[in-house]
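The file final06.txt contains compact mmCIF, C-alpha atoms and all ligand atoms:
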# COMPACT_ATOMS: atom_id res chain seq x y z
CA MET A 1453 63.06 -241.30 -139.39
CA LYS A 1454 60.36 -241.30 -136.74
CA MET A 1455 59.22 -238.08 -135.07
CA LYS A 1456 56.35 -236.48 -133.20
CA ALA A 1457 53.95 -234.15 -135.00
CA ALA A 1458 50.51 -232.55 -134.59
CA VAL A 1459 48.27 -234.03 -137.28
CA LEU A 1460 44.95 -232.61 -138.51
CA ASN A 1461 42.92 -235.74 -139.26
CA ALA A 1462 39.49 -234.06 -139.47
CA VAL A 1463 38.25 -230.46 -139.61
CA ASN A 1464 37.12 -228.99 -136.29
CA GLU A 1465 38.75 -231.77 -134.31
CA PRO A 1466 41.74 -231.39 -132.01
CA LEU A 1467 45.11 -231.94 -133.66
CA ALA A 1468 46.46 -235.39 -132.75
CA ILE A 1469 49.99 -235.66 -131.41
CA GLU A 1470 51.16 -238.71 -133.33
CA GLU A 1471 54.27 -240.57 -134.36
CA VAL A 1472 55.02 -239.80 -137.99
CA GLU A 1473 57.52 -241.26 -140.45
CA LEU A 1474 59.56 -238.64 -142.33
CA ASP A 1475 61.49 -239.59 -145.49
CA PRO A 1476 65.03 -238.27 -145.99
CA PRO A 1477 65.56 -235.18 -148.16
CA ARG A 1478 65.79 -235.73 -151.91
CA GLY A 1479 67.55 -233.54 -154.47
CA GLY A 1480 67.17 -229.83 -153.69
CA GLU A 1481 65.67 -230.56 -150.25
CA VAL A 1482 66.78 -229.90 -146.68
CA LEU A 1483 66.05 -231.73 -143.39
CA VAL A 1484 65.48 -229.17 -140.62
CA GLN A 1485 65.10 -229.85 -136.90
CA LEU A 1486 62.46 -227.37 -135.76
CA LYS A 1487 63.34 -225.39 -132.63
CA ALA A 1488 60.32 -223.09 -132.61
CA THR A 1489 57.17 -222.26 -134.57
CA GLY A 1490 54.53 -219.58 -134.23
CA VAL A 1491 50.83 -220.45 -134.28
CA CYS A 1492 49.30 -218.22 -136.96
CA HIS A 1493 45.60 -217.45 -137.40
CA SER A 1494 45.86 -218.94 -140.91
CA ASP A 1495 46.64 -222.36 -139.39
CA VAL A 1496 43.45 -222.07 -137.36
CA HIS A 1497 41.39 -221.20 -140.47
CA TYR A 1498 42.38 -224.64 -141.81
CA VAL A 1499 41.57 -226.36 -138.50
CA GLN A 1500 38.13 -224.74 -138.61
CA GLY A 1501 37.55 -225.52 -142.28
CA ASP A 1502 37.16 -221.91 -143.49
CA ASN A 1503 39.92 -222.90 -145.88
CA ALA A 1504 40.28 -226.48 -147.01
CA ARG A 1505 43.14 -228.81 -147.85
CA GLU A 1506 43.36 -232.55 -148.36
CA LEU A 1507 43.66 -234.42 -145.02
CA PRO A 1508 45.47 -235.74 -143.05
CA LEU A 1509 47.66 -232.67 -142.87
CA ILE A 1510 50.46 -231.27 -140.71
CA LEU A 1511 49.90 -227.53 -140.37
CA GLY A 1512 52.35 -224.86 -139.15
CA HIS A 1513 54.20 -222.41 -141.39
CA GLU A 1514 56.14 -219.98 -139.17
CA GLY A 1515 59.13 -222.07 -138.11
CA ALA A 1516 62.83 -221.80 -137.44
CA GLY A 1517 65.39 -224.49 -136.77
CA ILE A 1518 68.75 -226.07 -137.53
CA VAL A 1519 69.72 -227.85 -140.76
CA GLN A 1520 70.47 -231.55 -140.09
CA GLU A 1521 71.03 -232.91 -143.58
CA VAL A 1522 70.89 -231.71 -147.17
CA GLY A 1523 69.94 -233.59 -150.33
CA PRO A 1524 71.97 -233.61 -153.58
CA GLY A 1525 72.40 -230.26 -155.27
CA VAL A 1526 71.71 -228.07 -152.21
CA THR A 1527 74.17 -225.17 -152.15
CA ARG A 1528 72.69 -222.40 -150.01
CA VAL A 1529 72.82 -224.21 -146.62
CA LYS A 1530 74.77 -226.98 -144.88
CA PRO A 1531 74.22 -229.06 -141.70
CA GLY A 1532 74.44 -226.89 -138.59
CA ASP A 1533 73.16 -223.72 -140.27
CA HIS A 1534 70.32 -221.89 -138.52
CA VAL A 1535 67.37 -221.14 -140.77
CA VAL A 1536 63.99 -219.44 -140.81
CA LEU A 1537 61.45 -221.33 -142.92
CA SER A 1538 59.60 -219.08 -145.30
CA PHE A 1539 55.95 -220.06 -145.90
CA LEU A 1540 56.48 -219.13 -149.56
CA PRO A 1541 59.43 -220.53 -151.53
CA SER A 1542 61.69 -218.47 -153.77
CA CYS A 1543 63.82 -220.15 -156.42
CA GLY A 1544 65.66 -216.92 -157.24
CA THR A 1545 65.58 -217.53 -160.98
CA CYS A 1546 61.98 -217.58 -162.27
CA ARG A 1547 60.36 -214.55 -163.89
CA TRP A 1548 58.69 -213.48 -160.62
CA CYS A 1549 61.76 -213.90 -158.41
CA ARG A 1550 63.81 -211.91 -160.91
CA SER A 1551 61.26 -209.13 -161.28
CA GLY A 1552 61.01 -208.28 -157.59
CA HIS A 1553 58.02 -210.42 -156.56
CA PRO A 1554 59.36 -213.69 -155.12
CA VAL A 1555 55.98 -214.09 -153.35
CA MET A 1556 54.72 -215.17 -156.79
CA CYS A 1557 57.58 -217.66 -157.39
CA ASP A 1558 56.78 -220.45 -159.86
CA VAL A 1559 57.90 -223.06 -157.29
CA SER A 1560 54.64 -222.16 -155.47
CA ALA A 1561 52.62 -223.74 -158.30
CA ASN A 1562 52.20 -226.96 -156.24
CA LEU A 1563 51.97 -225.13 -152.92
CA ARG A 1564 48.35 -226.05 -152.28
CA GLY A 1565 48.54 -229.71 -153.25
CA GLY A 1566 49.99 -231.08 -150.01
CA THR A 1567 53.09 -232.46 -151.74
CA MET A 1568 56.65 -231.29 -152.27
CA PRO A 1569 57.27 -229.21 -155.44
CA ASP A 1570 57.97 -232.44 -157.37
CA GLY A 1571 54.49 -233.80 -156.56
CA THR A 1572 55.57 -236.50 -154.07
CA ARG A 1573 55.13 -236.75 -150.28
CA ARG A 1574 57.68 -237.21 -147.45
CA LEU A 1575 55.28 -237.63 -144.51
CA HIS A 1576 53.50 -240.85 -143.52
CA ARG A 1577 51.39 -241.79 -140.51
CA SER A 1578 53.21 -244.46 -138.46
CA ARG A 1579 50.06 -246.24 -137.24
CA ASP A 1580 48.69 -247.09 -140.71
CA GLY A 1581 51.33 -245.97 -143.22
CA ARG A 1582 48.94 -243.46 -144.80
CA ASP A 1583 50.50 -240.48 -146.60
CA ILE A 1584 50.21 -237.17 -144.79
CA ASN A 1585 49.93 -233.88 -146.68
CA ASN A 1586 52.34 -231.09 -145.99
CA PHE A 1587 51.39 -227.44 -145.59
CA LEU A 1588 53.07 -224.79 -147.74
CA PHE A 1589 56.09 -227.16 -148.10
CA VAL A 1590 57.11 -226.54 -144.45
CA SER A 1591 54.66 -228.24 -141.97
CA THR A 1592 56.25 -226.84 -138.85
CA PHE A 1593 53.96 -228.40 -136.20
CA ALA A 1594 56.46 -231.26 -136.11
CA GLU A 1595 59.88 -231.99 -134.61
CA TYR A 1596 61.48 -232.19 -138.06
CA SER A 1597 60.58 -231.09 -141.57
CA VAL A 1598 61.92 -231.82 -145.04
CA VAL A 1599 61.58 -228.63 -147.06
CA PRO A 1600 62.70 -227.33 -150.46
CA GLU A 1601 65.95 -225.36 -150.44
CA ALA A 1602 63.81 -222.53 -151.85
CA SER A 1603 61.97 -222.30 -148.49
CA VAL A 1604 64.98 -221.86 -146.16
CA ILE A 1605 66.52 -218.52 -145.23
CA PRO A 1606 69.93 -218.81 -143.48
CA VAL A 1607 70.25 -216.57 -140.43
CA PRO A 1608 73.06 -215.80 -137.95
CA VAL A 1609 73.42 -218.38 -135.14
CA GLU A 1610 73.29 -215.65 -132.46
CA ALA A 1611 69.64 -214.82 -133.23
CA PRO A 1612 67.16 -216.65 -130.94
CA LEU A 1613 65.10 -219.05 -133.06
CA GLU A 1614 62.14 -218.80 -130.67
CA ARG A 1615 61.77 -215.14 -131.67
CA ILE A 1616 62.89 -214.93 -135.27
CA CYS A 1617 60.54 -217.78 -136.25
CA LEU A 1618 57.91 -215.00 -136.45
CA LEU A 1619 59.73 -213.73 -139.54
CA GLY A 1620 58.59 -216.83 -141.46
CA CYS A 1621 55.06 -215.44 -141.81
CA GLY A 1622 53.36 -212.92 -139.52
CA PHE A 1623 55.99 -210.30 -138.83
CA THR A 1624 57.24 -210.14 -142.42
CA THR A 1625 53.66 -209.95 -143.73
CA GLY A 1626 52.71 -207.03 -141.47
CA PHE A 1627 55.97 -205.13 -141.80
CA GLY A 1628 56.23 -205.64 -145.58
CA THR A 1629 52.66 -204.53 -146.22
CA VAL A 1630 53.62 -201.12 -144.81
CA THR A 1631 57.06 -200.80 -146.42
CA ASN A 1632 56.71 -202.67 -149.74
CA VAL A 1633 53.02 -202.42 -150.61
CA ALA A 1634 51.61 -199.22 -149.07
CA ARG A 1635 55.07 -197.60 -148.91
CA VAL A 1636 54.08 -195.31 -146.05
CA GLN A 1637 56.10 -192.07 -145.96
CA ARG A 1638 57.11 -189.80 -143.11
CA GLY A 1639 54.18 -187.71 -141.86
CA GLU A 1640 51.47 -189.83 -143.51
CA SER A 1641 48.51 -191.52 -141.84
CA VAL A 1642 47.50 -195.17 -141.72
CA THR A 1643 44.59 -197.19 -140.33
CA ILE A 1644 45.53 -200.71 -139.21
CA ILE A 1645 42.62 -203.12 -138.88
CA GLY A 1646 43.42 -206.15 -136.72
CA CYS A 1647 46.12 -205.98 -134.05
CA GLY A 1648 47.41 -209.55 -133.84
CA GLY A 1649 50.83 -210.64 -135.07
CA LEU A 1650 50.45 -208.93 -138.46
CA GLY A 1651 48.97 -205.69 -137.17
CA LEU A 1652 51.56 -205.26 -134.42
CA ALA A 1653 54.37 -205.72 -136.98
CA ALA A 1654 52.69 -203.18 -139.25
CA ILE A 1655 52.46 -200.69 -136.40
CA GLN A 1656 56.21 -201.06 -135.83
CA ALA A 1657 56.89 -200.53 -139.55
CA ALA A 1658 54.65 -197.44 -139.68
CA ARG A 1659 56.39 -196.01 -136.63
CA LEU A 1660 59.86 -196.62 -138.15
CA ALA A 1661 58.65 -195.05 -141.44
CA GLY A 1662 57.72 -191.91 -139.51
CA ALA A 1663 53.95 -192.08 -139.95
CA ALA A 1664 52.35 -189.17 -138.08
CA THR A 1665 49.03 -190.90 -137.42
CA ILE A 1666 48.74 -194.65 -136.77
CA VAL A 1667 45.14 -195.62 -136.01
CA ALA A 1668 44.78 -199.17 -134.66
CA VAL A 1669 41.37 -200.86 -134.80
CA ASP A 1670 40.44 -204.15 -133.13
CA VAL A 1671 37.47 -205.82 -131.44
CA HIS A 1672 39.50 -206.61 -128.29
CA GLU A 1673 40.65 -203.99 -125.77
CA GLU A 1674 43.63 -206.20 -124.85
CA LYS A 1675 44.92 -206.09 -128.44
CA LEU A 1676 44.52 -202.31 -128.53
CA ALA A 1677 46.62 -201.98 -125.38
CA MET A 1678 49.38 -203.92 -127.18
CA ALA A 1679 48.92 -201.72 -130.28
CA LYS A 1680 49.44 -198.63 -128.15
CA ALA A 1681 52.59 -200.10 -126.61
CA PHE A 1682 53.99 -200.85 -130.09
CA GLY A 1683 53.46 -197.28 -131.31
CA ALA A 1684 49.85 -196.72 -132.41
CA THR A 1685 49.01 -193.04 -131.96
CA HIS A 1686 45.28 -193.77 -131.64
CA THR A 1687 43.32 -196.90 -130.78
CA LEU A 1688 39.67 -197.51 -131.66
CA ILE A 1689 37.57 -200.35 -130.34
CA SER A 1690 35.34 -201.86 -133.02
CA ARG A 1691 31.99 -203.06 -131.78
CA ARG A 1692 31.47 -204.43 -135.27
CA ASN A 1693 29.77 -201.13 -136.16
CA ASN A 1694 31.74 -199.68 -139.10
CA ASP A 1695 29.80 -196.37 -139.16
CA GLN A 1696 30.84 -195.71 -135.56
CA VAL A 1697 34.52 -196.54 -136.20
CA LEU A 1698 34.56 -194.41 -139.39
CA GLN A 1699 33.09 -191.46 -137.54
CA GLU A 1700 36.02 -191.63 -135.12
CA ILE A 1701 38.61 -192.01 -137.90
CA MET A 1702 37.16 -188.96 -139.66
CA ALA A 1703 37.24 -186.99 -136.42
CA LEU A 1704 40.97 -187.78 -136.12
CA THR A 1705 41.77 -186.78 -139.72
CA ASP A 1706 39.86 -183.53 -140.34
CA GLY A 1707 37.10 -185.51 -142.03
CA LEU A 1708 39.43 -186.84 -144.71
CA GLY A 1709 40.29 -190.41 -143.71
CA THR A 1710 43.82 -191.81 -143.61
CA ASP A 1711 46.30 -192.08 -146.51
CA TYR A 1712 46.36 -195.88 -146.16
CA SER A 1713 44.34 -198.66 -144.59
CA LEU A 1714 45.71 -202.15 -144.00
CA GLU A 1715 43.37 -205.10 -143.45
CA PHE A 1716 44.89 -207.94 -141.35
CA VAL A 1717 41.79 -209.80 -140.15
CA GLY A 1718 40.44 -212.00 -142.96
CA GLY A 1719 38.21 -214.96 -142.10
CA ALA A 1720 34.44 -214.60 -141.89
CA ALA A 1721 34.82 -210.90 -141.01
CA SER A 1722 36.38 -210.13 -144.42
CA PRO A 1723 33.38 -208.33 -146.03
CA ALA A 1724 32.96 -206.06 -142.99
CA THR A 1725 36.67 -205.31 -142.59
CA ALA A 1726 37.03 -204.65 -146.34
CA ASP A 1727 34.14 -202.16 -146.13
CA LEU A 1728 35.80 -200.41 -143.21
CA ALA A 1729 39.21 -200.38 -144.92
CA PHE A 1730 37.78 -198.94 -148.14
CA ARG A 1731 35.82 -196.18 -146.47
CA ALA A 1732 38.63 -195.30 -144.04
CA ILE A 1733 40.95 -193.99 -146.79
CA ARG A 1734 40.93 -190.49 -148.17
CA LYS A 1735 40.83 -189.40 -151.82
CA CYS A 1736 43.71 -191.05 -153.72
CA GLY A 1737 44.29 -193.25 -150.67
CA THR A 1738 45.41 -196.88 -150.80
CA MET A 1739 43.69 -199.84 -149.15
CA CYS A 1740 45.75 -203.04 -148.75
CA PHE A 1741 43.93 -206.32 -148.13
CA ALA A 1742 46.27 -208.82 -146.44
CA GLY A 1743 44.00 -211.10 -144.37
CA LEU A 1744 43.14 -214.66 -145.45
CA ALA A 1745 39.50 -214.76 -146.57
CA PRO A 1746 37.46 -218.02 -146.58
CA ASP A 1747 37.54 -220.15 -149.74
CA HIS A 1748 33.83 -219.61 -150.44
CA LEU A 1749 33.96 -215.82 -150.33
CA ASP A 1750 34.39 -214.47 -153.85
CA SER A 1751 33.47 -210.79 -153.59
CA MET A 1752 33.63 -207.90 -151.15
CA PRO A 1753 31.64 -204.68 -150.80
CA ILE A 1754 33.54 -201.85 -152.48
CA SER A 1755 31.68 -198.99 -154.11
CA PRO A 1756 32.73 -198.77 -157.78
CA LYS A 1757 31.54 -195.17 -157.92
CA MET A 1758 33.68 -194.08 -154.98
CA LEU A 1759 36.60 -196.10 -156.34
CA MET A 1760 36.44 -193.97 -159.50
CA MET A 1761 35.35 -190.60 -158.16
CA GLN A 1762 37.80 -190.54 -155.27
CA GLN A 1763 40.51 -192.30 -157.26
CA LYS A 1764 41.09 -194.83 -154.49
CA ARG A 1765 43.49 -197.74 -154.90
CA VAL A 1766 42.72 -201.26 -153.65
CA VAL A 1767 45.61 -203.72 -153.61
CA GLY A 1768 46.05 -207.28 -152.38
CA ALA A 1769 49.21 -208.31 -150.59
CA ILE A 1770 50.62 -211.70 -149.61
CA PHE A 1771 53.64 -211.99 -147.28
CA GLY A 1772 54.04 -208.21 -147.54
CA ASP A 1773 55.23 -208.59 -151.17
CA SER A 1774 58.60 -209.16 -149.49
CA GLN A 1775 62.03 -209.80 -150.93
CA PHE A 1776 62.13 -212.34 -148.12
CA ARG A 1777 65.56 -213.79 -148.94
CA SER A 1778 67.06 -210.39 -148.15
CA ASP A 1779 64.28 -208.89 -145.98
CA ILE A 1780 64.31 -211.67 -143.34
CA PRO A 1781 68.07 -211.38 -142.61
CA ARG A 1782 67.56 -207.59 -142.54
CA TYR A 1783 64.76 -207.94 -139.97
CA VAL A 1784 66.99 -210.24 -137.89
CA GLU A 1785 69.57 -207.45 -137.91
CA LEU A 1786 66.95 -204.88 -136.86
CA TYR A 1787 65.83 -207.19 -134.05
CA MET A 1788 69.41 -207.72 -132.81
CA GLN A 1789 69.83 -203.92 -132.81
CA ARG A 1790 66.56 -203.60 -130.85
CA GLN A 1791 64.98 -201.44 -133.52
CA ILE A 1792 62.11 -203.89 -133.83
CA ASN A 1793 60.48 -205.73 -130.99
CA LEU A 1794 59.67 -209.42 -131.40
CA ASP A 1795 59.91 -210.25 -127.68
CA ASP A 1796 56.65 -208.57 -126.71
CA MET A 1797 54.86 -210.09 -129.68
CA VAL A 1798 55.30 -213.53 -128.11
CA SER A 1799 52.52 -213.80 -125.55
CA GLN A 1800 53.44 -217.30 -124.45
CA GLU A 1801 55.71 -220.23 -125.20
CA ILE A 1802 54.26 -223.75 -125.07
CA PRO A 1803 55.28 -227.33 -125.82
CA LEU A 1804 53.88 -229.09 -128.91
CA GLU A 1805 51.60 -231.16 -126.65
CA ASP A 1806 49.65 -227.98 -125.76
CA ILE A 1807 48.93 -227.01 -129.35
CA ASN A 1808 45.17 -227.46 -129.03
CA SER A 1809 44.95 -224.95 -126.20
CA ALA A 1810 46.96 -222.58 -128.41
CA VAL A 1811 44.39 -223.03 -131.18
CA GLN A 1812 41.61 -222.23 -128.69
CA GLU A 1813 43.44 -219.05 -127.62
CA VAL A 1814 43.64 -217.91 -131.25
CA ILE A 1815 39.89 -218.50 -131.66
CA ALA A 1816 39.13 -216.55 -128.45
CA GLY A 1817 41.31 -213.83 -129.92
CA ASN A 1818 41.71 -211.48 -126.99
CA LYS A 1819 44.71 -212.58 -124.92
CA VAL A 1820 47.50 -213.40 -127.33
CA ALA A 1821 49.45 -211.74 -130.12
CA ARG A 1822 51.57 -214.77 -131.01
CA GLN A 1823 52.06 -218.09 -129.26
CA VAL A 1824 55.29 -219.92 -129.96
CA ILE A 1825 55.75 -223.67 -129.71
CA ARG A 1826 59.25 -224.62 -128.53
CA PHE A 1827 60.60 -228.07 -129.27
ZN ZN B 1901 50.74 -217.18 -141.22
ZN ZN B 1902 61.07 -218.19 -158.34

Would you kindly transcribe this structure into structure tokens?
Amino acid sequence: MKMKAAVLNAVNEPLAIEEVELDPPRGGEVLVQLKATGVCHSDVHYVQGDNARELPLILGHEGAGIVQEVGPGVTRVKPGDHVVLSFLPSCGTCRWCRSGHPVMCDVSANLRGGTMPDGTRRLHRSRDGRDINNFLFVSTFAEYSVVPEASVIPVPVEAPLERICLLGCGFTTGFGTVTNVARVQRGESVTIIGCGGLGLAAIQAARLAGAATIVAVDVHEEKLAMAKAFGATHTLISRRNNDQVLQEIMALTDGLGTDYSLEFVGGAASPATADLAFRAIRKCGTMCFAGLAPDHLDSMPISPKMLMMQQKRVVGAIFGDSQFRSDIPRYVELYMQRQINLDDMVSQEIPLEDINSAVQEVIAGNKVARQVIRF
């Protein structure tokens, strides 16, 4: 079938809205008509070339839509079902899925190759027939997507797709980092570095967990105002001077630091934000690193002596180490009960044609939490 999609043909160039040919779903695959997709900072890292993939490429990995057709052997969904697309697949049967870490699912082995799990491609450029790479098996900056059954999460039809699409990446990453990785308990303290889509979800999780002190740190005042509205008890502006920010965190915590720090920035700032996250935690505290660092960065500044002497813990986290097949429907339920707020995380809704202005807004970084493309 023919459809419209936003194609990345070259790094640091605008995405091209092009006609693309999409093959039908094969065995174990599902054709989904996208209704909405968030624009995540990770997409922009690939546009800017901080992280590289083979081009041309259709980005987008935070989508939700309606199943149109299923290939042979698909049992978990049928045409008409509403689904959130998970940016990581889960087969449900491999060692990792069965041991509580579907974020490590073996189906992800081909995730970075631009193909489907079986090594073949479904996307082709109409103008010259050239194969197009997919992104994380979902490529949601397009009207339709053929995805593995392992990447779809069925959700109730009452839930608005233009909100719950955020559960496909950002919200679940931020929320899960608090509840599954840090495991923040009632009365504890947490520093949250970066108050975009991930950070605002983490603030909501920390609030629901009963954290006594939620310190939000960002370089933009506008983001800190959102952090406050979502439940941060304290907000600190970072002028990219870690010593200054740390002084303020210590002043808020009797000189001890917080029980946890969560890093949600990534990108070129990663060494600086890792330094801040490590020093912000108290003795026996836990630092979680959840931002996407550039491909070329292979170390970060953490004092081995302090790691040992203060018995600190440093952990990495992808997609909040979620049980996303059960967590995403649970978050939908929490949203429908108004216990979590996705509405105010969506700063603006735009058509696919405006995707390049959305990318520019992410780079500017100050005005938007999440932008959602509606098809
Ligand atoms: Zn993302
Ligand atoms: Zn698996």

- Query: Once you count only C-alpha atoms and all ligand atoms, which residues end up within 10 Å of ligand ZN 1902 (chain B), and could you hand them over as a ChimeraX atom specification?
  - Reply: /A:1540-1560,1602

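What separates atom CA of Gly1626 of chain A from atom CA of Gln1789 of chain A is a distance of 19.4 Å.
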
- Which residues sit within 6 Å of ligand ZN 1901 (chain B), counting only C-alpha atoms and all ligand atoms, listed as a list of chain:residue names?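 Using only C-alpha atoms and all ligand atoms, I find these residues within 6 Å of ligand ZN 1901 (chain B): A:Cys1492, A:Ser1494, A:Cys1621, A:Gly1622.
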
Output file for the residues above (C-alpha atoms, as a PDB file, in the frame of the given file):
ATOM      1  CA  CYS A1492      49.300-218.220-136.960  1.00  0.00           C
ATOM      2  CA  SER A1494      45.860-218.940-140.910  1.00  0.00           C
ATOM      3  CA  CYS A1621      55.060-215.440-141.810  1.00  0.00           C
ATOM      4  CA  GLY A1622      53.360-212.920-139.520  1.00  0.00           C
TER       5      GLY A1622
END

- Query: Which residue, A:Thr1567, A:Ala1668, A:Phe1716, A:Val1630, has the smallest gap to Asp1583 of chain A when you use all atoms listed in the file?
  - Reply: A:Thr1567

- Task: Excluding segment 1737-1749 of chain A and any residue of its chain fewer than 5 positions from it, enumerate the residues within 7 Å of it, using all atoms listed in the file, and give them as a ChimeraX atom specification.
- Result: /A:1494,1502-1503,1634,1711-1720,1722,1729-1730,1764-1770

- Message: Restricting the calculation to only C-alpha atoms: of A:Gln1791, A:Ser1597, A:Asn1693, A:Ser1799, which residue gets closest to Leu1474 of chain A?
- Response: A:Ser1597

- Message: Report as a list in words all protein, DNA and RNA residues lying within 7 Å of segment 1513-1520 of chain A, evaluated on all atoms listed in the file, omitting residues in the same chain fewer than 5 positions from it.
- Response: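 Once the adjacent positions are removed, what remains is Val1482, Leu1483, Val1484, Gln1485, Leu1486, Lys1487, Ala1488, Thr1489, Gly1490, Lys1530, Pro1531, Gly1532, Asp1533, His1534, Val1535, Val1536, Leu1537, Phe1539, Leu1588, Val1590, Ser1591, Thr1592, Leu1613, Cys1617, Leu1618, Gly1620 and Cys1621 of chain A.
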
- Test item: which residues lie within 9 Å of (53.8, -237.9, -143.4) counting all atoms listed in the file, as number ranges by chain: A: 1472-1475, 1508-1510, 1573-1578, 1581-1586

Write to file, as an mmCIF file, in the coordinates of the input, the residues of the selection just made, with C-alpha atoms.
data_model
loop_
_atom_site.group_PDB
_atom_site.id
_atom_site.type_symbol
_atom_site.label_atom_id
_atom_site.label_comp_id
_atom_site.auth_asym_id
_atom_site.auth_seq_id
_atom_site.Cartn_x
_atom_site.Cartn_y
_atom_site.Cartn_z
ATOM 1 C CA VAL A 1472 55.020 -239.800 -137.990
ATOM 2 C CA GLU A 1473 57.520 -241.260 -140.450
ATOM 3 C CA LEU A 1474 59.560 -238.640 -142.330
ATOM 4 C CA ASP A 1475 61.490 -239.590 -145.490
ATOM 5 C CA PRO A 1508 45.470 -235.740 -143.050
ATOM 6 C CA LEU A 1509 47.660 -232.670 -142.870
ATOM 7 C CA ILE A 1510 50.460 -231.270 -140.710
ATOM 8 C CA ARG A 1573 55.130 -236.750 -150.280
ATOM 9 C CA ARG A 1574 57.680 -237.210 -147.450
ATOM 10 C CA LEU A 1575 55.280 -237.630 -144.510
ATOM 11 C CA HIS A 1576 53.500 -240.850 -143.520
ATOM 12 C CA ARG A 1577 51.390 -241.790 -140.510
ATOM 13 C CA SER A 1578 53.210 -244.460 -138.460
ATOM 14 C CA GLY A 1581 51.330 -245.970 -143.220
ATOM 15 C CA ARG A 1582 48.940 -243.460 -144.800
ATOM 16 C CA ASP A 1583 50.500 -240.480 -146.600
ATOM 17 C CA ILE A 1584 50.210 -237.170 -144.790
ATOM 18 C CA ASN A 1585 49.930 -233.880 -146.680
ATOM 19 C CA ASN A 1586 52.340 -231.090 -145.990
#

- Item | Selection near segment 1562-1564 of chain A, 8 Å with all atoms listed in the file, sequence-local residues under 6 positions removed, as a list in words |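 Counting all atoms listed in the file, the residues come to Arg1505, Gly1571, Phe1587, Leu1588 and Phe1589 of chain A.
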
Using the selection just defined, write its residues with C-alpha atoms as an mmCIF file, in the coordinates of the input.
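Output (selection.cif):
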data_model
loop_
_atom_site.group_PDB
_atom_site.id
_atom_site.type_symbol
_atom_site.label_atom_id
_atom_site.label_comp_id
_atom_site.auth_asym_id
_atom_site.auth_seq_id
_atom_site.Cartn_x
_atom_site.Cartn_y
_atom_site.Cartn_z
ATOM 1 C CA ARG A 1505 43.140 -228.810 -147.850
ATOM 2 C CA GLY A 1571 54.490 -233.800 -156.560
ATOM 3 C CA PHE A 1587 51.390 -227.440 -145.590
ATOM 4 C CA LEU A 1588 53.070 -224.790 -147.740
ATOM 5 C CA PHE A 1589 56.090 -227.160 -148.100
#

- Nearest to Val1811 of chain A by atom-to-atom distance, counting only C-alpha atoms, from A:Gln1823, A:Glu1610, A:Cys1736, A:Gly1566: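 Of A:Gln1823, A:Glu1610, A:Cys1736, A:Gly1566, the one nearest Val1811 of chain A, counting only C-alpha atoms, is A:Gln1823.
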
- Task: For atom CA of Ser1774 of chain A and atom CA of Ile1605 of chain A, quote the distance in Å rounded to one decimal.
- Result: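 Straight-line distance from atom CA of Ser1774 of chain A to atom CA of Ile1605 of chain A works out to 13.0 Å.
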
- Item | For Thr1687 of chain A: contacts at 12 Å, only C-alpha atoms, fewer than 3 positions along chain excluded, given as a ChimeraX atom specification | /A:1642-1647,1655,1665-1684,1690,1697,1700-1701,1704

Because the input lacks atoms here, generate N, CA and C atoms for segment 1644-1654 of chain A and report them as a short mmCIF file (atom, residue, chain, number, x, y, z; two decimals), in the coordinates of the input.
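Result file rebuild-v3.cif:
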data_model
loop_
_atom_site.label_atom_id
_atom_site.label_comp_id
_atom_site.auth_asym_id
_atom_site.auth_seq_id
_atom_site.Cartn_x
_atom_site.Cartn_y
_atom_site.Cartn_z
N ILE A 1644 45.16 -199.30 -139.26
CA ILE A 1644 45.53 -200.71 -139.21
C ILE A 1644 44.40 -201.49 -138.56
N ILE A 1645 43.80 -202.38 -139.34
CA ILE A 1645 42.62 -203.12 -138.88
C ILE A 1645 43.04 -204.55 -138.52
N GLY A 1646 42.97 -204.85 -137.23
CA GLY A 1646 43.42 -206.15 -136.72
C GLY A 1646 44.78 -206.01 -136.10
N CYS A 1647 44.87 -206.22 -134.78
CA CYS A 1647 46.12 -205.98 -134.05
C CYS A 1647 46.69 -207.26 -133.44
N GLY A 1648 46.69 -208.33 -134.23
CA GLY A 1648 47.41 -209.55 -133.84
C GLY A 1648 48.84 -209.46 -134.33
N GLY A 1649 49.44 -210.61 -134.65
CA GLY A 1649 50.83 -210.64 -135.07
C GLY A 1649 51.12 -209.73 -136.26
N LEU A 1650 50.23 -209.73 -137.26
CA LEU A 1650 50.45 -208.93 -138.46
C LEU A 1650 50.32 -207.44 -138.14
N GLY A 1651 49.23 -207.09 -137.47
CA GLY A 1651 48.97 -205.69 -137.17
C GLY A 1651 50.05 -205.06 -136.30
N LEU A 1652 50.53 -205.81 -135.30
CA LEU A 1652 51.56 -205.26 -134.42
C LEU A 1652 52.88 -205.05 -135.17
N ALA A 1653 53.17 -205.92 -136.14
CA ALA A 1653 54.37 -205.72 -136.98
C ALA A 1653 54.18 -204.49 -137.86
N ALA A 1654 52.97 -204.33 -138.39
CA ALA A 1654 52.69 -203.18 -139.25
C ALA A 1654 52.81 -201.87 -138.48
#
